[in-house]
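Below is the file target-v7.txt, which contains compact mmCIF, C-alpha atoms.
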```txt
# COMPACT_ATOMS: atom_id res chain seq x y z
CA MET A 51 57.86 -146.95 -28.58
CA LEU A 52 56.79 -147.77 -25.05
CA ASN A 53 53.75 -149.55 -26.50
CA TYR A 54 56.01 -152.14 -28.08
CA ILE A 55 58.43 -152.40 -25.16
CA TRP A 56 55.64 -152.87 -22.64
CA SER A 57 53.79 -155.50 -24.66
CA GLY A 58 57.11 -157.12 -25.46
CA LEU A 59 57.97 -157.41 -21.77
CA ILE A 60 54.64 -159.09 -20.99
CA ILE A 61 54.73 -161.50 -23.92
CA ILE A 62 58.36 -162.45 -23.26
CA SER A 63 57.54 -163.00 -19.58
CA VAL A 64 54.63 -165.34 -20.25
CA VAL A 65 56.48 -167.29 -22.94
CA CYS A 66 59.61 -167.59 -20.80
CA SER A 67 57.71 -168.64 -17.71
CA ILE A 68 56.16 -171.53 -19.68
CA PHE A 69 59.55 -172.39 -21.17
CA PHE A 70 61.38 -172.31 -17.81
CA GLY A 71 58.46 -173.79 -15.85
CA ASN A 72 57.99 -170.70 -13.66
CA THR A 73 54.28 -170.23 -14.28
CA ASN A 74 53.42 -170.33 -10.58
CA ASP A 75 55.94 -167.58 -9.80
CA LEU A 76 54.52 -165.55 -12.65
CA SER A 77 50.94 -165.75 -11.38
CA LYS A 78 52.13 -164.77 -7.94
CA ALA A 79 54.11 -161.81 -9.34
CA LEU A 80 51.09 -160.67 -11.32
CA ILE A 81 48.98 -160.45 -8.18
CA ASP A 82 51.75 -158.95 -6.03
CA SER A 83 52.81 -156.30 -8.52
CA GLY A 84 49.71 -154.19 -7.85
CA ALA A 85 50.63 -153.85 -4.20
CA SER A 86 54.32 -153.30 -4.88
CA SER A 87 53.63 -150.56 -7.42
CA ILE A 88 51.36 -148.71 -4.98
CA GLN A 89 54.07 -149.02 -2.36
CA LEU A 90 56.64 -147.57 -4.75
CA ILE A 91 54.35 -144.67 -5.63
CA LEU A 92 53.70 -143.94 -1.94
CA THR A 93 57.43 -144.02 -1.21
CA MET A 94 58.05 -141.48 -3.94
CA ALA A 95 55.00 -139.39 -3.10
CA GLY A 96 56.25 -137.87 0.15
CA ILE A 97 59.60 -136.72 -1.09
CA MET A 98 58.21 -135.50 -4.41
CA CYS A 99 55.68 -133.25 -2.68
CA LEU A 100 58.16 -132.01 -0.11
CA TRP A 101 60.81 -131.21 -2.67
CA SER A 102 58.34 -129.68 -5.14
CA GLY A 103 57.25 -127.40 -2.31
CA ILE A 104 60.80 -126.35 -1.42
CA MET A 105 61.64 -125.83 -5.08
CA LYS A 106 58.54 -123.71 -5.61
CA ILE A 107 59.99 -121.37 -2.98
CA ALA A 108 63.28 -121.37 -4.90
CA ILE A 109 61.48 -120.39 -8.10
CA GLU A 110 59.15 -117.72 -6.70
CA SER A 111 61.76 -116.06 -4.49
CA GLY A 112 64.14 -115.62 -7.41
CA PHE A 113 66.67 -118.13 -6.05
CA THR A 114 66.73 -120.06 -9.34
CA GLU A 115 67.38 -116.85 -11.29
CA LEU A 116 70.28 -116.04 -9.00
CA ILE A 117 71.79 -119.48 -9.58
CA ALA A 118 71.12 -119.14 -13.32
CA LYS A 119 73.10 -115.87 -13.34
CA LEU A 120 75.99 -117.58 -11.58
CA PHE A 121 75.94 -120.40 -14.13
CA SER A 122 75.58 -118.38 -17.29
CA PRO A 123 79.35 -117.66 -17.68
CA LEU A 124 79.92 -121.43 -17.67
CA LEU A 125 77.33 -121.92 -20.39
CA ARG A 126 78.55 -119.02 -22.57
CA PRO A 127 81.35 -120.93 -24.36
CA LEU A 128 78.89 -123.65 -25.42
CA PHE A 129 76.65 -121.18 -27.24
CA PRO A 130 79.08 -118.62 -28.71
CA LYS A 131 76.68 -117.49 -31.44
CA LEU A 132 73.79 -116.65 -29.14
CA ASP A 133 73.16 -113.16 -27.82
CA LYS A 134 74.06 -113.13 -24.12
CA LYS A 135 71.02 -111.03 -23.24
CA GLY A 136 68.76 -112.74 -25.78
CA SER A 137 65.73 -114.72 -24.71
CA ALA A 138 67.03 -117.99 -26.18
CA PHE A 139 70.13 -117.96 -23.98
CA GLN A 140 68.09 -116.88 -20.94
CA SER A 141 65.69 -119.80 -21.40
CA ILE A 142 68.61 -122.16 -21.78
CA THR A 143 70.25 -121.05 -18.53
CA MET A 144 66.95 -121.30 -16.66
CA ASN A 145 66.34 -124.80 -18.05
CA ILE A 146 69.83 -126.00 -17.10
CA THR A 147 69.55 -124.45 -13.63
CA ALA A 148 66.15 -126.05 -13.03
CA ASN A 149 67.65 -129.39 -14.08
CA LEU A 150 70.60 -128.90 -11.74
CA LEU A 151 68.25 -128.21 -8.85
CA GLY A 152 66.16 -131.23 -9.79
CA ILE A 153 62.97 -129.34 -10.70
CA GLY A 154 62.09 -131.38 -13.75
CA ASN A 155 58.59 -129.97 -14.14
CA ALA A 156 59.96 -126.41 -14.15
CA ALA A 157 62.82 -127.28 -16.50
CA THR A 158 60.59 -128.60 -19.28
CA PRO A 159 58.64 -125.38 -20.03
CA PHE A 160 61.91 -123.39 -20.15
CA GLY A 161 63.39 -126.05 -22.40
CA LEU A 162 60.45 -125.95 -24.81
CA LYS A 163 60.68 -122.15 -24.88
CA ALA A 164 64.41 -122.35 -25.57
CA MET A 165 63.84 -124.74 -28.48
CA GLU A 166 61.18 -122.46 -29.92
CA GLN A 167 63.49 -119.45 -29.73
CA LEU A 168 66.41 -121.39 -31.18
CA HIS A 169 64.06 -122.41 -33.96
CA THR A 170 63.36 -118.79 -34.93
CA LEU A 171 67.14 -118.20 -35.13
CA ASN A 172 67.58 -121.26 -37.34
CA ASN A 173 67.49 -120.74 -41.10
CA ARG A 174 66.68 -124.35 -41.97
CA SER A 175 63.37 -125.24 -40.41
CA ASP A 176 63.56 -129.02 -40.70
CA THR A 177 67.18 -129.44 -39.53
CA ALA A 178 68.61 -129.12 -36.06
CA SER A 179 70.99 -126.20 -35.51
CA ASN A 180 74.28 -126.61 -33.66
CA GLU A 181 72.88 -124.83 -30.62
CA MET A 182 69.84 -127.13 -30.53
CA ILE A 183 72.07 -130.19 -30.58
CA ILE A 184 74.21 -128.93 -27.68
CA PHE A 185 71.12 -127.95 -25.70
CA VAL A 186 69.22 -131.21 -26.20
CA VAL A 187 72.33 -133.28 -25.49
CA MET A 188 72.70 -131.41 -22.18
CA ASN A 189 69.12 -132.33 -21.38
CA THR A 190 69.66 -136.01 -22.12
CA ALA A 191 72.56 -136.13 -19.66
CA SER A 192 71.59 -135.99 -16.03
CA LEU A 193 72.66 -132.80 -14.26
CA GLN A 194 70.84 -133.15 -10.96
CA LEU A 195 72.88 -131.96 -7.96
CA ILE A 196 70.80 -133.61 -5.25
CA PRO A 197 69.19 -136.88 -6.37
CA THR A 198 66.30 -136.73 -3.89
CA THR A 199 64.06 -139.47 -5.26
CA LEU A 200 67.03 -141.80 -5.68
CA ALA A 201 68.13 -141.27 -2.08
CA THR A 202 64.57 -141.84 -0.84
CA LEU A 203 64.28 -145.11 -2.71
CA ARG A 204 67.66 -146.23 -1.37
CA GLN A 205 66.58 -145.41 2.17
CA SER A 206 63.24 -147.17 1.86
CA TYR A 207 65.01 -150.34 0.72
CA GLY A 208 67.22 -150.26 3.81
CA SER A 209 70.37 -148.42 2.71
CA SER A 210 72.55 -147.48 5.68
CA ALA A 211 73.77 -144.34 3.89
CA PRO A 212 71.32 -143.29 1.15
CA PHE A 213 73.43 -140.31 0.07
CA GLU A 214 76.77 -142.10 -0.13
CA ILE A 215 76.37 -142.38 -3.90
CA ILE A 216 76.20 -138.62 -4.42
CA ALA A 217 79.89 -138.01 -5.21
CA PRO A 218 80.08 -140.94 -7.66
CA VAL A 219 76.88 -139.65 -9.27
CA TRP A 220 78.40 -136.19 -9.76
CA ILE A 221 81.61 -137.54 -11.25
CA SER A 222 79.80 -140.00 -13.49
CA SER A 223 77.34 -137.35 -14.73
CA ALA A 224 80.09 -134.78 -15.29
CA ILE A 225 82.21 -137.17 -17.35
CA SER A 226 79.32 -138.49 -19.41
CA LEU A 227 78.17 -134.92 -20.08
CA ALA A 228 81.71 -133.95 -21.07
CA VAL A 229 81.90 -136.88 -23.49
CA ALA A 230 78.56 -135.94 -25.06
CA LEU A 231 79.54 -132.27 -25.40
CA ILE A 232 82.94 -133.09 -26.88
CA ILE A 233 81.31 -135.37 -29.46
CA ALA A 234 78.57 -132.86 -30.26
CA CYS A 235 80.99 -129.90 -30.53
CA THR A 236 83.49 -131.79 -32.66
CA LEU A 237 80.80 -132.94 -35.07
CA ASN A 238 79.29 -129.44 -35.08
CA ILE A 239 82.63 -127.93 -36.14
CA LYS A 240 83.30 -130.71 -38.64
CA GLN A 241 79.94 -130.32 -40.37
CA LYS A 242 80.05 -126.49 -40.24
CA ARG A 243 76.66 -126.02 -41.75
CA MET B 85 76.78 -135.84 2.34
CA GLU B 86 73.68 -136.92 4.24
CA PHE B 87 73.29 -133.28 5.25
CA VAL B 88 73.06 -131.87 1.75
CA MET B 89 69.27 -132.03 1.49
CA PRO B 90 68.34 -130.32 4.78
CA ALA B 91 71.10 -127.74 4.24
CA PHE B 92 69.81 -126.92 0.78
CA ALA B 93 66.19 -126.73 1.97
CA CYS B 94 67.28 -124.35 4.75
CA ILE B 95 69.15 -122.06 2.32
CA VAL B 96 66.13 -121.87 0.03
CA VAL B 97 63.73 -121.10 2.88
CA LEU B 98 66.08 -118.45 4.30
CA PHE B 99 66.43 -116.87 0.86
CA GLY B 100 62.64 -116.81 0.59
CA LEU B 101 62.33 -115.12 3.99
CA ILE B 102 64.92 -112.48 3.05
CA LYS B 103 63.04 -111.79 -0.18
CA ARG B 104 59.86 -111.52 1.91
CA VAL B 105 57.82 -114.07 0.00
CA PRO B 106 55.14 -116.07 1.87
CA VAL B 107 57.28 -119.20 2.09
CA PHE B 108 54.76 -121.59 3.58
CA ASP B 109 51.98 -120.62 1.17
CA ILE B 110 54.32 -121.14 -1.75
CA PHE B 111 55.50 -124.43 -0.28
CA LEU B 112 51.89 -125.64 -0.20
CA LYS B 113 51.40 -124.60 -3.81
CA GLY B 114 54.51 -126.52 -4.83
CA ALA B 115 53.60 -129.59 -2.80
CA LYS B 116 50.23 -129.61 -4.55
CA GLU B 117 51.99 -129.57 -7.91
CA GLY B 118 54.07 -132.49 -6.67
CA ILE B 119 50.92 -134.49 -5.96
CA GLN B 120 49.49 -133.61 -9.36
CA LEU B 121 52.71 -134.69 -11.05
CA LEU B 122 52.64 -137.95 -9.14
CA TYR B 123 49.00 -138.45 -10.07
CA THR B 124 49.88 -138.18 -13.76
CA ILE B 125 52.87 -140.54 -13.63
CA ALA B 126 51.33 -143.10 -11.22
CA PRO B 127 49.57 -145.19 -13.92
CA THR B 128 52.82 -145.36 -15.93
CA ILE B 129 54.71 -146.56 -12.86
CA MET B 130 52.04 -149.17 -12.12
CA GLY B 131 52.06 -150.46 -15.66
CA LEU B 132 55.83 -150.75 -15.78
CA VAL B 133 56.23 -152.23 -12.30
CA PHE B 134 53.73 -154.84 -13.45
CA ALA B 135 55.71 -155.65 -16.62
CA VAL B 136 59.06 -155.67 -14.80
CA ASP B 137 57.76 -157.91 -12.00
CA LEU B 138 56.43 -160.37 -14.56
CA LEU B 139 59.72 -160.35 -16.41
CA ARG B 140 61.67 -160.93 -13.22
CA SER B 141 59.57 -163.87 -12.06
CA SER B 142 59.47 -165.54 -15.47
CA GLY B 143 63.18 -166.32 -15.40
CA ALA B 144 63.73 -164.26 -18.55
CA VAL B 145 66.06 -161.77 -16.83
CA ASP B 146 68.25 -164.59 -15.55
CA ALA B 147 68.39 -166.07 -19.04
CA ILE B 148 69.34 -162.72 -20.61
CA CYS B 149 71.92 -162.17 -17.87
CA LYS B 150 73.48 -165.57 -18.52
CA PHE B 151 73.65 -164.74 -22.20
CA ILE B 152 75.30 -161.34 -21.64
CA ASP B 153 77.43 -162.50 -18.73
CA PRO B 154 80.75 -163.00 -20.61
CA ALA B 155 80.61 -159.50 -22.13
CA ALA B 156 79.49 -158.01 -18.81
CA ASN B 157 82.31 -159.74 -16.98
CA PHE B 158 84.79 -158.44 -19.49
CA LEU B 159 83.69 -154.85 -18.82
CA GLY B 160 83.45 -155.46 -15.06
CA PHE B 161 79.70 -154.90 -15.09
CA PRO B 162 77.52 -156.54 -12.47
CA LYS B 163 75.17 -158.54 -14.70
CA GLU B 164 72.11 -157.56 -12.65
CA ILE B 165 72.20 -154.01 -13.99
CA ILE B 166 72.25 -154.93 -17.70
CA PRO B 167 68.45 -154.72 -18.08
CA MET B 168 68.58 -151.26 -16.51
CA VAL B 169 71.34 -150.06 -18.84
CA LEU B 170 69.12 -151.08 -21.76
CA LEU B 171 65.86 -149.60 -20.44
CA ARG B 172 67.25 -146.41 -18.90
CA PRO B 173 67.42 -144.29 -22.11
CA VAL B 174 63.88 -145.33 -23.08
CA SER B 175 61.76 -145.14 -19.94
CA GLY B 176 62.25 -143.34 -16.63
CA SER B 177 59.45 -145.18 -14.83
CA GLY B 178 60.59 -148.48 -16.30
CA SER B 179 64.11 -148.03 -15.02
CA THR B 180 62.77 -146.95 -11.61
CA ALA B 181 60.80 -150.19 -11.53
CA LEU B 182 63.95 -152.16 -12.39
CA LEU B 183 65.96 -150.19 -9.84
CA THR B 184 63.60 -151.02 -6.97
CA ALA B 185 63.44 -154.65 -8.10
CA LEU B 186 67.23 -154.74 -7.96
CA TYR B 187 67.23 -153.09 -4.52
CA SER B 188 64.91 -155.73 -3.12
CA ASP B 189 66.93 -158.56 -4.74
CA CYS B 190 70.48 -157.41 -3.97
CA GLY B 191 70.08 -154.56 -1.48
CA PRO B 192 70.86 -150.89 -2.15
CA ASP B 193 74.30 -151.10 -0.48
CA SER B 194 75.49 -154.09 -2.52
CA PHE B 195 77.91 -153.58 -5.39
CA ALA B 196 75.14 -153.99 -7.98
CA GLY B 197 72.84 -151.78 -5.90
CA ARG B 198 75.37 -148.97 -5.77
CA VAL B 199 76.22 -149.21 -9.45
CA ALA B 200 72.52 -149.14 -10.34
CA SER B 201 72.05 -146.09 -8.07
CA VAL B 202 74.89 -144.18 -9.71
CA LEU B 203 73.63 -145.15 -13.16
CA ALA B 204 70.11 -143.98 -12.32
CA GLY B 205 71.48 -140.70 -10.97
CA SER B 206 73.82 -139.95 -13.84
CA SER B 207 71.72 -140.72 -16.91
CA GLU B 208 68.40 -139.57 -18.31
CA THR B 209 65.58 -140.82 -20.51
CA THR B 210 67.44 -139.88 -23.68
CA PHE B 211 64.84 -140.90 -26.28
CA TYR B 212 62.04 -139.15 -24.43
CA ALA B 213 63.96 -135.86 -24.13
CA ILE B 214 64.98 -135.90 -27.80
CA ALA B 215 61.47 -136.75 -28.99
CA MET B 216 59.90 -134.07 -26.79
CA TYR B 217 62.29 -131.21 -27.63
CA PHE B 218 62.65 -131.79 -31.36
CA GLY B 219 59.03 -132.86 -31.69
CA SER B 220 57.87 -129.57 -30.18
CA ILE B 221 59.38 -127.58 -33.08
CA LYS B 222 58.84 -130.32 -35.70
CA VAL B 223 62.52 -130.68 -36.54
CA LYS B 224 63.06 -134.09 -38.12
CA LYS B 225 66.74 -134.03 -39.09
CA ILE B 226 68.40 -134.15 -35.70
CA ARG B 227 71.89 -134.83 -37.15
CA HIS B 228 74.25 -136.26 -34.53
CA THR B 229 72.10 -135.53 -31.45
CA LEU B 230 71.16 -139.17 -30.83
CA PHE B 231 74.71 -140.41 -31.35
CA ALA B 232 76.18 -137.92 -28.85
CA ALA B 233 73.39 -138.57 -26.34
CA LEU B 234 73.73 -142.35 -26.52
CA MET B 235 77.50 -142.07 -26.11
CA ALA B 236 76.75 -140.13 -22.92
CA ASP B 237 74.52 -142.98 -21.69
CA PHE B 238 77.19 -145.51 -22.51
CA THR B 239 79.83 -143.43 -20.70
CA ALA B 240 77.52 -143.09 -17.70
CA ALA B 241 77.14 -146.87 -17.57
CA LEU B 242 80.90 -147.39 -17.65
CA MET B 243 81.56 -144.55 -15.20
CA SER B 244 78.99 -145.86 -12.71
CA VAL B 245 80.99 -149.08 -12.39
CA ILE B 246 84.34 -147.26 -12.28
CA THR B 247 83.28 -144.63 -9.70
CA VAL B 248 81.67 -147.23 -7.42
CA ARG B 249 84.87 -149.26 -7.54
CA ILE B 250 86.95 -146.18 -6.73
CA PHE B 251 84.72 -144.93 -3.90
CA PHE B 252 83.74 -148.20 -2.26
CA GLY B 253 86.58 -150.55 -3.19
CA LEU B 254 85.62 -154.06 -4.35
```

Show how you would write the structure in this file as structure tokens.
Amino acid sequence: MLNYIWSGLIIISVVCSIFFGNTNDLSKALIDSGASSIQLILTMAGIMCLWSGIMKIAIESGFTELIAKLFSPLLRPLFPKLDKKGSAFQSITMNITANLLGIGNAATPFGLKAMEQLHTLNNRSDTASNEMIIFVVMNTASLQLIPTTLATLRQSYGSSAPFEIIAPVWISSAISLAVALIIACTLNIKQKR
Amino acid sequence: MEFVMPAFACIVVLFGLIKRVPVFDIFLKGAKEGIQLLYTIAPTIMGLVFAVDLLRSSGAVDAICKFIDPAANFLGFPKEIIPMVLLRPVSGSGSTALLTALYSDCGPDSFAGRVASVLAGSSETTFYAIAMYFGSIKVKKIRHTLFAALMADFTAALMSVITVRIFFGL
């Protein structure tokens, strides 16, 4: 999909710049974008390494597992059919916890494992089960507690209080997640497969 | 709120010390993974910053914004974030590129800057996550997953405007 979006963006840009008479700006942007992308990557690099390092400590010391245990009662009602001690539910809690802590690259392997285990519990191999829908929907909503990269970008562009958006982010994520879960659960019950 | 990151880092390090793991060695391992991750996403970011910069300078964004403006006004949306609302579910790097473009145009502490920040923090790359997770087990009939997920993105867009208005006035 990104193949089409990316080419689309470039073609639209060139056509529009001719149409609006902005061809000089476009040439300038083309040359500048190399430098600005490197700058963006460098801005993100520091915080990504620092936070990956801290989070590696969280994973290897068992901190994430501790948090996952604390969160599992909250996740129970969403997956009533799953065995509480089963590996599918364990993978799900670890994935959600890793997402909450903002360790995307640790969340993905747990998520893939969870899907695989949910798949073995599913009796129709080409159709998503109710649990899969709930789980994937939770992964498409943002759950991150501390938006580190976001705050870094805000700071590097001169924000006076990079973290001031954290409470609005929590509320906005919580409500959008709630909406998604309500829709998914209602349709799950309605379709009762 | 500015203290949340150092406080969290301190808790994690303390926990590591109590559990007697070699915290600094593990930190180095993790930081290395961070660099590797960055190395793999860097070309994507470059490619999308390039496309977004072209789009911005061509005048196309302004034209789209003018076109959407009445609807955006009706919902109380700052028109500058419309491109981000559209790109956010599809591409993480693309929306980061748009976010930084918006920061340099309007400033991160402007109304549009704050709304864009909240939107970036409270939504995810929906299509990517769905494709990855269902693709991994070759499930094709995803039923209402996409509908529920896109409703979440739409809610996040609305909520980002509402929460910024509540927290920062305007």

**Study point:** Residue hits in chain A, query chain B, radius 6 Å, all atoms listed in the file, as a ChimeraX atom specification
**Key:** /A:59-60,63,66-67,72,75-76,79,83,87,98-100,102-104,106-108,111,176-178,183,187,190-192,204,209,213,218-219,222-223,226,230,233-234

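Nearest to Trp220 in chain A of all the residues A:Ser141, A:Gln194, A:Asn53, A:Asn74 is A:Gln194, counting all atoms listed in the file.
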
Would you list the contacts of Thr198 in chain A as a PDB file with C-alpha atoms, in the coordinates of the input, taking every protein, DNA or RNA residue within 8 Å and counting all atoms listed in the file, but skipping same-chain residues closer than 4 positions in sequence?
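The file below, out_24.pdb, is the result:
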```
ATOM      1  CA  ILE A  97      59.600-136.720  -1.090  1.00  0.00           C
ATOM      2  CA  TRP A 101      60.810-131.210  -2.670  1.00  0.00           C
ATOM      3  CA  THR A 202      64.570-141.840  -0.840  1.00  0.00           C
TER       4      THR A 202
ATOM      5  CA  MET B  89      69.270-132.030   1.490  1.00  0.00           C
TER       6      MET B  89
END
```

Study note, to complete from the structure: CA of Lys135 in chain A to CA of Ile239 in chain A measures 24.2 Å

Exercise for review: Point out the residue among A:Val229, A:Gly71, A:Glu214, A:Gly152 with the least atom-to-atom distance to Ala201 in chain A, counting all atoms listed in the file.
Suggested key: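 Checking each of A:Val229, A:Gly71, A:Glu214, A:Gly152 against Ala201 in chain A, counting all atoms listed in the file, the winner is A:Glu214.
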
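What separates CA of Phe195 in chain B from CA of Ile225 in chain A is a distance of 20.8 Å.
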
Point to revise | Selected residue, from A:Ala95, A:Leu171, A:Leu52, A:Ile196, that lies nearest to Ala148 in chain A when counting all atoms listed in the file | key: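 Going through A:Ala95, A:Leu171, A:Leu52, A:Ile196 one by one, the smallest distance to Ala148 in chain A is for A:Ile196.
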
Revision key, fill the gap. CA of Ala157 in chain A to CA of Asn180 in chain A measures 20.6 Å

Point to revise | Protein/DNA/RNA residues near (59.6, -145.0, -5.2), cut 6 Å, all atoms listed in the file, as a VMD selection string | key: chain A and resid 90 to 91 93 to 94 203

Practice item. Please identify all polymer residues within 7 Å of Pro162 in chain B, counting all atoms listed in the file, omitting same-chain residues fewer than 3 positions from it, and present them as an MDAnalysis selection string. Key: chainID B and resid 156 165 196
